[in-house]
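Trainee: Got a file for you: structure-v1.cif, mmCIF, N, CA and C atoms and all ligand atoms.
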data_data
loop_
_atom_site.group_PDB
_atom_site.id
_atom_site.type_symbol
_atom_site.label_atom_id
_atom_site.label_comp_id
_atom_site.auth_asym_id
_atom_site.auth_seq_id
_atom_site.Cartn_x
_atom_site.Cartn_y
_atom_site.Cartn_z
ATOM 1 N N MET A 514 34.826 -236.160 181.728
ATOM 2 C CA MET A 514 35.589 -236.340 182.942
ATOM 3 C C MET A 514 37.055 -236.009 182.689
ATOM 4 N N ASP A 515 37.688 -235.469 183.724
ATOM 5 C CA ASP A 515 39.100 -235.163 183.553
ATOM 6 C C ASP A 515 39.973 -236.340 183.980
ATOM 7 N N SER A 516 41.260 -236.226 183.631
ATOM 8 C CA SER A 516 42.152 -237.359 183.901
ATOM 9 C C SER A 516 42.411 -237.576 185.389
ATOM 10 N N SER A 517 42.328 -236.504 186.216
ATOM 11 C CA SER A 517 42.552 -236.700 187.652
ATOM 12 C C SER A 517 41.412 -237.511 188.274
ATOM 13 N N HIS A 518 40.195 -237.323 187.740
ATOM 14 C CA HIS A 518 39.062 -238.109 188.226
ATOM 15 C C HIS A 518 39.249 -239.582 187.860
ATOM 16 N N ASP A 519 39.703 -239.841 186.606
ATOM 17 C CA ASP A 519 39.957 -241.226 186.175
ATOM 18 C C ASP A 519 41.040 -241.866 187.032
ATOM 19 N N GLU A 520 42.093 -241.095 187.326
ATOM 20 C CA GLU A 520 43.186 -241.634 188.146
ATOM 21 C C GLU A 520 42.680 -242.007 189.534
ATOM 22 N N GLY A 521 41.808 -241.187 190.096
ATOM 23 C CA GLY A 521 41.232 -241.478 191.407
ATOM 24 C C GLY A 521 40.406 -242.755 191.379
ATOM 25 N N ARG A 522 39.649 -242.933 190.314
ATOM 26 C CA ARG A 522 38.845 -244.159 190.189
ATOM 27 C C ARG A 522 39.749 -245.379 190.077
ATOM 28 N N ARG A 523 40.838 -245.246 189.301
ATOM 29 C CA ARG A 523 41.779 -246.375 189.153
ATOM 30 C C ARG A 523 42.395 -246.744 190.507
ATOM 31 N N LYS A 524 42.781 -245.732 191.279
ATOM 32 C CA LYS A 524 43.377 -246.002 192.599
ATOM 33 C C LYS A 524 42.370 -246.700 193.511
ATOM 34 N N ALA A 525 41.128 -246.237 193.495
ATOM 35 C CA ALA A 525 40.098 -246.840 194.338
ATOM 36 C C ALA A 525 39.840 -248.280 193.914
ATOM 37 N N LEU A 526 39.828 -248.526 192.597
ATOM 38 C CA LEU A 526 39.613 -249.880 192.089
ATOM 39 C C LEU A 526 40.766 -250.793 192.510
ATOM 40 N N ARG A 527 42.020 -250.283 192.367
ATOM 41 C CA ARG A 527 43.193 -251.081 192.775
ATOM 42 C C ARG A 527 43.127 -251.400 194.262
ATOM 43 N N ALA A 528 42.743 -250.419 195.076
ATOM 44 C CA ALA A 528 42.662 -250.643 196.523
ATOM 45 C C ALA A 528 41.607 -251.696 196.833
ATOM 46 N N GLY A 529 40.495 -251.672 196.114
ATOM 47 C CA GLY A 529 39.437 -252.660 196.326
ATOM 48 C C GLY A 529 39.896 -254.050 195.956
ATOM 49 N N VAL A 530 40.590 -254.168 194.829
ATOM 50 C CA VAL A 530 41.093 -255.474 194.390
ATOM 51 C C VAL A 530 42.110 -255.997 195.396
ATOM 52 N N THR A 531 42.999 -255.148 195.875
ATOM 53 C CA THR A 531 44.012 -255.558 196.853
ATOM 54 C C THR A 531 43.350 -256.020 198.149
ATOM 55 N N ALA A 532 42.339 -255.283 198.597
ATOM 56 C CA ALA A 532 41.641 -255.658 199.830
ATOM 57 C C ALA A 532 40.944 -257.003 199.662
ATOM 58 N N ALA A 533 40.318 -257.230 198.506
ATOM 59 C CA ALA A 533 39.628 -258.494 198.260
ATOM 60 C C ALA A 533 40.621 -259.653 198.236
ATOM 61 N N ALA A 534 41.781 -259.442 197.617
ATOM 62 C CA ALA A 534 42.804 -260.494 197.578
ATOM 63 C C ALA A 534 43.298 -260.803 198.990
ATOM 64 N N GLY A 535 43.490 -259.784 199.785
ATOM 65 C CA GLY A 535 43.943 -259.986 201.160
ATOM 66 C C GLY A 535 42.923 -260.745 201.979
ATOM 67 N N LEU A 536 41.652 -260.428 201.787
ATOM 68 C CA LEU A 536 40.593 -261.129 202.503
ATOM 69 C C LEU A 536 40.560 -262.594 202.089
ATOM 70 N N GLY A 537 40.718 -262.862 200.801
ATOM 71 C CA GLY A 537 40.736 -264.246 200.317
ATOM 72 C C GLY A 537 41.875 -265.028 200.937
ATOM 73 N N LEU A 538 43.060 -264.445 200.995
ATOM 74 C CA LEU A 538 44.213 -265.126 201.610
ATOM 75 C C LEU A 538 43.975 -265.366 203.094
ATOM 76 N N ALA A 539 43.377 -264.402 203.769
ATOM 77 C CA ALA A 539 43.106 -264.561 205.197
ATOM 78 C C ALA A 539 42.125 -265.711 205.431
ATOM 79 N N LEU A 540 41.101 -265.810 204.573
ATOM 80 C CA LEU A 540 40.134 -266.907 204.714
ATOM 81 C C LEU A 540 40.795 -268.252 204.468
ATOM 82 N N LEU A 541 41.675 -268.320 203.457
ATOM 83 C CA LEU A 541 42.382 -269.569 203.190
ATOM 84 C C LEU A 541 43.254 -269.964 204.370
ATOM 85 N N ALA A 542 43.951 -269.009 204.948
ATOM 86 C CA ALA A 542 44.814 -269.298 206.094
ATOM 87 C C ALA A 542 43.982 -269.791 207.267
ATOM 88 N N THR A 543 42.815 -269.187 207.466
ATOM 89 C CA THR A 543 41.940 -269.601 208.561
ATOM 90 C C THR A 543 41.469 -271.029 208.349
ATOM 91 N N ARG A 544 41.067 -271.335 207.125
ATOM 92 C CA ARG A 544 40.605 -272.696 206.838
ATOM 93 C C ARG A 544 41.729 -273.705 207.017
ATOM 94 N N ALA A 545 42.921 -273.367 206.540
ATOM 95 C CA ALA A 545 44.046 -274.293 206.646
ATOM 96 C C ALA A 545 44.364 -274.556 208.113
ATOM 97 N N GLY A 546 44.266 -273.545 208.934
ATOM 98 C CA GLY A 546 44.572 -273.694 210.345
ATOM 99 C C GLY A 546 43.490 -274.429 211.104
ATOM 100 N N ALA A 547 42.270 -274.440 210.574
ATOM 101 C CA ALA A 547 41.149 -275.053 211.271
ATOM 102 C C ALA A 547 41.184 -276.568 211.197
ATOM 103 N N GLN A 548 41.945 -277.161 210.255
ATOM 104 C CA GLN A 548 42.049 -278.610 210.124
ATOM 105 C C GLN A 548 40.670 -279.258 210.022
ATOM 106 N N ALA A 549 39.970 -278.999 208.939
ATOM 107 C CA ALA A 549 38.659 -279.598 208.721
ATOM 108 C C ALA A 549 38.789 -281.116 208.686
ATOM 109 N N PRO A 550 37.779 -281.838 209.187
ATOM 110 C CA PRO A 550 37.850 -283.295 209.144
ATOM 111 C C PRO A 550 37.916 -283.786 207.700
ATOM 112 N N LYS A 551 38.625 -284.887 207.502
ATOM 113 C CA LYS A 551 38.760 -285.417 206.148
ATOM 114 C C LYS A 551 37.500 -286.165 205.739
ATOM 115 N N LEU A 552 37.329 -286.266 204.434
ATOM 116 C CA LEU A 552 36.165 -286.951 203.881
ATOM 117 C C LEU A 552 36.363 -288.459 203.914
ATOM 118 N N ASP A 553 35.255 -289.172 204.016
ATOM 119 C CA ASP A 553 35.276 -290.623 203.963
ATOM 120 C C ASP A 553 35.507 -291.072 202.517
ATOM 121 N N LYS A 554 36.258 -292.145 202.323
ATOM 122 C CA LYS A 554 36.541 -292.631 200.971
ATOM 123 C C LYS A 554 35.258 -292.894 200.174
ATOM 124 N N ALA A 555 34.259 -293.479 200.834
ATOM 125 C CA ALA A 555 33.017 -293.798 200.119
ATOM 126 C C ALA A 555 32.311 -292.532 199.644
ATOM 127 N N ALA A 556 32.420 -291.468 200.411
ATOM 128 C CA ALA A 556 31.732 -290.222 200.060
ATOM 129 C C ALA A 556 32.273 -289.612 198.767
ATOM 130 N N VAL A 557 33.550 -289.901 198.469
ATOM 131 C CA VAL A 557 34.148 -289.337 197.250
ATOM 132 C C VAL A 557 34.402 -290.423 196.196
ATOM 133 N N LYS A 558 33.816 -291.623 196.450
ATOM 134 C CA LYS A 558 33.923 -292.750 195.508
ATOM 135 C C LYS A 558 35.376 -293.089 195.180
ATOM 136 N N TYR A 559 36.171 -293.172 196.244
ATOM 137 C CA TYR A 559 37.591 -293.501 196.075
ATOM 138 C C TYR A 559 37.767 -294.937 195.593
ATOM 139 N N MET A 560 38.720 -295.137 194.678
ATOM 140 C CA MET A 560 39.097 -296.476 194.203
ATOM 141 C C MET A 560 40.613 -296.575 194.299
ATOM 142 N N ASP A 561 41.119 -297.762 194.682
ATOM 143 C CA ASP A 561 42.576 -297.962 194.777
ATOM 144 C C ASP A 561 43.251 -297.940 193.409
ATOM 145 N N ALA A 562 42.504 -298.278 192.368
ATOM 146 C CA ALA A 562 43.061 -298.264 191.019
ATOM 147 C C ALA A 562 42.173 -297.388 190.136
ATOM 148 N N SER A 563 42.746 -296.319 189.631
ATOM 149 C CA SER A 563 41.973 -295.403 188.793
ATOM 150 C C SER A 563 41.563 -296.054 187.486
ATOM 151 N N ALA A 564 40.348 -295.783 187.072
ATOM 152 C CA ALA A 564 39.874 -296.253 185.779
ATOM 153 C C ALA A 564 39.959 -295.126 184.753
ATOM 154 N N VAL A 565 40.483 -293.979 185.193
ATOM 155 C CA VAL A 565 40.539 -292.814 184.323
ATOM 156 C C VAL A 565 42.005 -292.465 184.047
ATOM 157 N N GLU A 566 42.434 -292.681 182.816
ATOM 158 C CA GLU A 566 43.833 -292.440 182.457
ATOM 159 C C GLU A 566 44.228 -290.979 182.717
ATOM 160 N N GLY A 567 45.391 -290.808 183.342
ATOM 161 C CA GLY A 567 45.904 -289.458 183.606
ATOM 162 C C GLY A 567 45.255 -288.778 184.796
ATOM 163 N N LYS A 568 44.369 -289.480 185.507
ATOM 164 C CA LYS A 568 43.721 -288.890 186.684
ATOM 165 C C LYS A 568 43.915 -289.802 187.883
ATOM 166 N N GLU A 569 45.172 -290.088 188.167
ATOM 167 C CA GLU A 569 45.507 -290.918 189.317
ATOM 168 C C GLU A 569 45.902 -289.993 190.473
ATOM 169 N N CYS A 570 45.819 -290.539 191.689
ATOM 170 C CA CYS A 570 46.095 -289.712 192.868
ATOM 171 C C CYS A 570 47.451 -289.007 192.791
ATOM 172 N N ASP A 571 48.474 -289.686 192.238
ATOM 173 C CA ASP A 571 49.775 -289.007 192.201
ATOM 174 C C ASP A 571 49.820 -287.868 191.178
ATOM 175 N N ASP A 572 48.748 -287.682 190.418
ATOM 176 C CA ASP A 572 48.615 -286.525 189.528
ATOM 177 C C ASP A 572 47.734 -285.439 190.153
ATOM 178 N N CYS A 573 47.255 -285.694 191.367
ATOM 179 C CA CYS A 573 46.282 -284.801 192.023
ATOM 180 C C CYS A 573 46.994 -283.853 192.988
ATOM 181 N N SER A 574 46.522 -282.630 193.048
ATOM 182 C CA SER A 574 47.139 -281.620 193.918
ATOM 183 C C SER A 574 46.924 -281.936 195.406
ATOM 184 N N GLN A 575 45.996 -282.833 195.730
ATOM 185 C CA GLN A 575 45.717 -283.160 197.140
ATOM 186 C C GLN A 575 46.562 -284.317 197.653
ATOM 187 N N PHE A 576 47.271 -284.995 196.761
ATOM 188 C CA PHE A 576 48.010 -286.201 197.147
ATOM 189 C C PHE A 576 49.294 -285.854 197.901
ATOM 190 N N VAL A 577 49.579 -286.639 198.961
ATOM 191 C CA VAL A 577 50.826 -286.500 199.719
ATOM 192 C C VAL A 577 51.523 -287.855 199.648
ATOM 193 N N GLU A 578 52.673 -287.868 199.008
ATOM 194 C CA GLU A 578 53.411 -289.111 198.824
ATOM 195 C C GLU A 578 53.853 -289.692 200.162
ATOM 196 N N GLY A 579 53.794 -291.025 200.288
ATOM 197 C CA GLY A 579 54.288 -291.697 201.483
ATOM 198 C C GLY A 579 55.808 -291.718 201.473
ATOM 199 N N THR A 580 56.403 -291.873 202.637
ATOM 200 C CA THR A 580 57.867 -291.939 202.703
ATOM 201 C C THR A 580 58.288 -293.322 203.188
ATOM 202 N N GLY A 581 59.443 -293.763 202.734
ATOM 203 C CA GLY A 581 59.991 -295.032 203.187
ATOM 204 C C GLY A 581 59.101 -296.221 202.880
ATOM 205 N N GLY A 582 58.433 -296.216 201.745
ATOM 206 C CA GLY A 582 57.589 -297.341 201.352
ATOM 207 C C GLY A 582 56.192 -297.297 201.943
ATOM 208 N N ALA A 583 55.896 -296.297 202.754
ATOM 209 C CA ALA A 583 54.562 -296.178 203.345
ATOM 210 C C ALA A 583 53.552 -295.726 202.282
ATOM 211 N N ALA A 584 52.291 -296.039 202.524
ATOM 212 C CA ALA A 584 51.230 -295.606 201.616
ATOM 213 C C ALA A 584 51.157 -294.083 201.616
ATOM 214 N N GLY A 585 50.612 -293.535 200.555
ATOM 215 C CA GLY A 585 50.430 -292.101 200.499
ATOM 216 C C GLY A 585 49.211 -291.680 201.305
ATOM 217 N N SER A 586 48.963 -290.381 201.324
ATOM 218 C CA SER A 586 47.772 -289.866 201.991
ATOM 219 C C SER A 586 47.204 -288.729 201.148
ATOM 220 N N CYS A 587 46.095 -288.218 201.616
ATOM 221 C CA CYS A 587 45.400 -287.164 200.877
ATOM 222 C C CYS A 587 45.047 -286.055 201.852
ATOM 223 N N ARG A 588 45.126 -284.827 201.401
ATOM 224 C CA ARG A 588 44.820 -283.690 202.279
ATOM 225 C C ARG A 588 43.337 -283.614 202.629
ATOM 226 N N ILE A 589 42.473 -284.236 201.800
ATOM 227 C CA ILE A 589 41.035 -284.077 202.052
ATOM 228 C C ILE A 589 40.287 -285.390 202.252
ATOM 229 N N VAL A 590 40.938 -286.539 201.940
ATOM 230 C CA VAL A 590 40.280 -287.843 202.085
ATOM 231 C C VAL A 590 41.022 -288.649 203.154
ATOM 232 N N ALA A 591 40.290 -289.263 204.043
ATOM 233 C CA ALA A 591 40.880 -290.012 205.157
ATOM 234 C C ALA A 591 41.443 -291.352 204.711
ATOM 235 N N GLY A 592 42.485 -291.798 205.408
ATOM 236 C CA GLY A 592 43.016 -293.143 205.213
ATOM 237 C C GLY A 592 44.180 -293.193 204.244
ATOM 238 N N ALA A 593 44.703 -294.433 204.093
ATOM 239 C CA ALA A 593 45.817 -294.651 203.170
ATOM 240 C C ALA A 593 45.319 -294.472 201.736
ATOM 241 N N ILE A 594 46.143 -293.825 200.942
ATOM 242 C CA ILE A 594 45.753 -293.517 199.560
ATOM 243 C C ILE A 594 46.815 -294.066 198.604
ATOM 244 N N SER A 595 46.364 -294.837 197.632
ATOM 245 C CA SER A 595 47.280 -295.381 196.627
ATOM 246 C C SER A 595 47.642 -294.297 195.617
ATOM 247 N N PRO A 596 48.912 -294.224 195.205
ATOM 248 C CA PRO A 596 49.273 -293.238 194.177
ATOM 249 C C PRO A 596 48.531 -293.485 192.862
ATOM 250 N N LYS A 597 48.040 -294.719 192.675
ATOM 251 C CA LYS A 597 47.325 -295.051 191.432
ATOM 252 C C LYS A 597 45.809 -295.001 191.620
ATOM 253 N N GLY A 598 45.360 -294.493 192.775
ATOM 254 C CA GLY A 598 43.937 -294.404 193.059
ATOM 255 C C GLY A 598 43.265 -293.230 192.350
ATOM 256 N N HIS A 599 41.998 -293.034 192.667
ATOM 257 C CA HIS A 599 41.224 -291.946 192.056
ATOM 258 C C HIS A 599 39.962 -291.706 192.881
ATOM 259 N N CYS A 600 39.473 -290.483 192.872
ATOM 260 C CA CYS A 600 38.164 -290.195 193.462
ATOM 261 C C CYS A 600 37.549 -289.010 192.721
ATOM 262 N N ILE A 601 36.284 -288.728 193.040
ATOM 263 C CA ILE A 601 35.588 -287.661 192.304
ATOM 264 C C ILE A 601 36.078 -286.265 192.680
ATOM 265 N N ALA A 602 36.907 -286.171 193.715
ATOM 266 C CA ALA A 602 37.456 -284.844 194.097
ATOM 267 C C ALA A 602 38.797 -284.568 193.425
ATOM 268 N N PHE A 603 39.174 -285.408 192.474
ATOM 269 C CA PHE A 603 40.458 -285.230 191.790
ATOM 270 C C PHE A 603 40.592 -283.789 191.285
ATOM 271 N N SER A 604 41.759 -283.214 191.572
ATOM 272 C CA SER A 604 42.062 -281.881 191.023
ATOM 273 C C SER A 604 43.520 -281.928 190.550
ATOM 274 N N PRO A 605 43.749 -281.722 189.255
ATOM 275 C CA PRO A 605 45.089 -281.895 188.706
ATOM 276 C C PRO A 605 46.108 -280.941 189.327
ATOM 277 N N LYS A 606 47.326 -281.465 189.450
ATOM 278 C CA LYS A 606 48.420 -280.598 189.910
ATOM 279 C C LYS A 606 48.622 -279.487 188.905
ATOM 280 N N PRO A 607 48.985 -278.311 189.370
ATOM 281 C CA PRO A 607 49.240 -277.226 188.412
ATOM 282 C C PRO A 607 50.431 -277.579 187.521
ATOM 283 N N ARG A 608 50.317 -277.224 186.268
ATOM 284 C CA ARG A 608 51.420 -277.498 185.321
ATOM 285 C C ARG A 608 52.516 -276.461 185.522
ATOM 286 N N ARG A 609 53.745 -276.907 185.367
ATOM 287 C CA ARG A 609 54.888 -275.985 185.542
ATOM 288 C C ARG A 609 55.391 -275.505 184.213
HETATM 289 S S1 LIG B 1 41.454 -285.881 196.248
HETATM 290 FE FE1 LIG B 1 40.909 -287.926 195.515
HETATM 291 S S2 LIG B 1 42.101 -288.142 193.612
HETATM 292 FE FE2 LIG B 1 43.040 -286.488 194.798
HETATM 293 S S3 LIG B 1 44.642 -287.496 196.034
HETATM 294 FE FE3 LIG B 1 42.797 -287.364 197.278
HETATM 295 S S4 LIG B 1 41.831 -289.373 196.988
HETATM 296 FE FE4 LIG B 1 43.282 -289.088 195.293
#
Would you write the structure of this file as structure tokens?

Mentor:
Amino acid sequence: MDSSHDEGRRKALRAGVTAAAGLGLALLATRAGAQAPKLDKAAVKYMDASAVEGKECDDCSQFVEGTGGAAGSCRIVAGAISPKGHCIAFSPKPRR
């Protein structure tokens, strides 16, 4: 094969990867806008006090801190959420 053929394949591959990434972002935006109902605490085995060191709600990417002394909340679990709580949907915050 000649180099122009390889270059064409690379361009087609890049275009495919870009299109797939764009589709993924579009699906995420659609889901975020749809406001899916939150999960029940019992369904995810939520506990107000985590029994797992380093896996507390305030270490989870889904946790939303409360303001002015109010309880926190969760993007996917319904109800008031303790920063020291835990559930089986725990997903660690990305490290910086
Ligand atoms: S997903 Fe679970 S662990 Fe994470 S903040 Fe929500 S309730 Fe806490």

Trainee: I need the output of the PyMOL selection byres (((chain A and resi 569) around 8) and not hetatm) for this file as a list in words; which residues are they?

Mentor: Ala562, Ser563, Ala564, Val565, Glu566, Gly567, Lys568, Cys570, Asp571, Asp572, Cys573, Ser574, Phe576, Ser595, Pro596, Lys597, Gly598, His599, Cys600 and Phe603 of chain A

Trainee: Just the number, please: distance in Å from CA of Ala556 (chain A) to CA of Ala583 (chain A), one decimal.

Mentor: 23.8 Å

Trainee: Could you write out as JSON the box around ligand LIG 1 (chain B) (axis-aligned, all atoms listed in the file, 8 Å on each side), with centre and edge lengths in Å to one decimal?

Mentor:
{"center_x": 42.8, "center_y": -287.6, "center_z": 195.4, "size_x": 19.7, "size_y": 19.5, "size_z": 19.7}

Trainee: Can you give me, as JSON, numbers by chain, the residues this file yields under the PyMOL selection byres (((chain A and resi 589) around 6) and not hetatm)?

Mentor: {"A": [551, 552, 575, 587, 588, 590, 591]}

Trainee: Can you list, as a list of chain:residue names, every protein, DNA or RNA residue that comes within 6.5 Å of Gly585 (chain A) when you count only N, CA and C atoms, leaving out same-chain residues fewer than 3 positions away?

Mentor: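 The residues satisfying every condition are A:Val577, A:Glu578, A:Gly579, A:Thr580, A:Gly592, A:Ala593, A:Ile594, A:Ser595, A:Pro596.
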
Trainee: Is there a way to get, as number ranges by chain, all residues within 8 Å of the point (30.1, -291.1, 193.4) in file coordinates, counting only N, CA and C atoms?

Mentor: A: 555-559, 600-601

Trainee: Between A:Gln548, A:Gly582, A:Ser604, A:Arg609, which residue has the minimum interatomic distance to ligand LIG 1 (chain B), considering only N, CA and C atoms and all ligand atoms?

Mentor: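 Counting only N, CA and C atoms and all ligand atoms, the residue closest to ligand LIG 1 (chain B) is A:Ser604.
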
Trainee: Report the distance between atom S2 of ligand LIG 1 (chain B) and CA of Ala602 (chain A) in Å, rounded to one decimal place.

Mentor: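 CA of Ala602 (chain A) lies 5.7 Å from atom S2 of ligand LIG 1 (chain B).
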
Trainee: Would you work out the distance separating atom S3 of ligand LIG 1 (chain B) from CA of Gly581 (chain A), expressed in Å to one decimal?

Mentor: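 Those two atoms sit 18.5 Å apart.
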
Trainee: Taking the backbone alone, and naming residues the way the document does, which bits of region 536-600 of chain A are strand (DSSP E) by DSSP, as a PyMOL selection string?

Mentor: chain A and resi 576-577+586-587

Trainee: Write the residues of the selection above to a file with N, CA and C atoms, as a tab-separated table (two decimals), in the frame of the given file.

Mentor:
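Done, and the output landed in result14.tsv:
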chain	number	residue	atom	x	y	z
A	576	PHE	N	47.27	-285.00	196.76
A	576	PHE	CA	48.01	-286.20	197.15
A	576	PHE	C	49.29	-285.85	197.90
A	577	VAL	N	49.58	-286.64	198.96
A	577	VAL	CA	50.83	-286.50	199.72
A	577	VAL	C	51.52	-287.86	199.65
A	586	SER	N	48.96	-290.38	201.32
A	586	SER	CA	47.77	-289.87	201.99
A	586	SER	C	47.20	-288.73	201.15
A	587	CYS	N	46.10	-288.22	201.62
A	587	CYS	CA	45.40	-287.16	200.88
A	587	CYS	C	45.05	-286.06	201.85
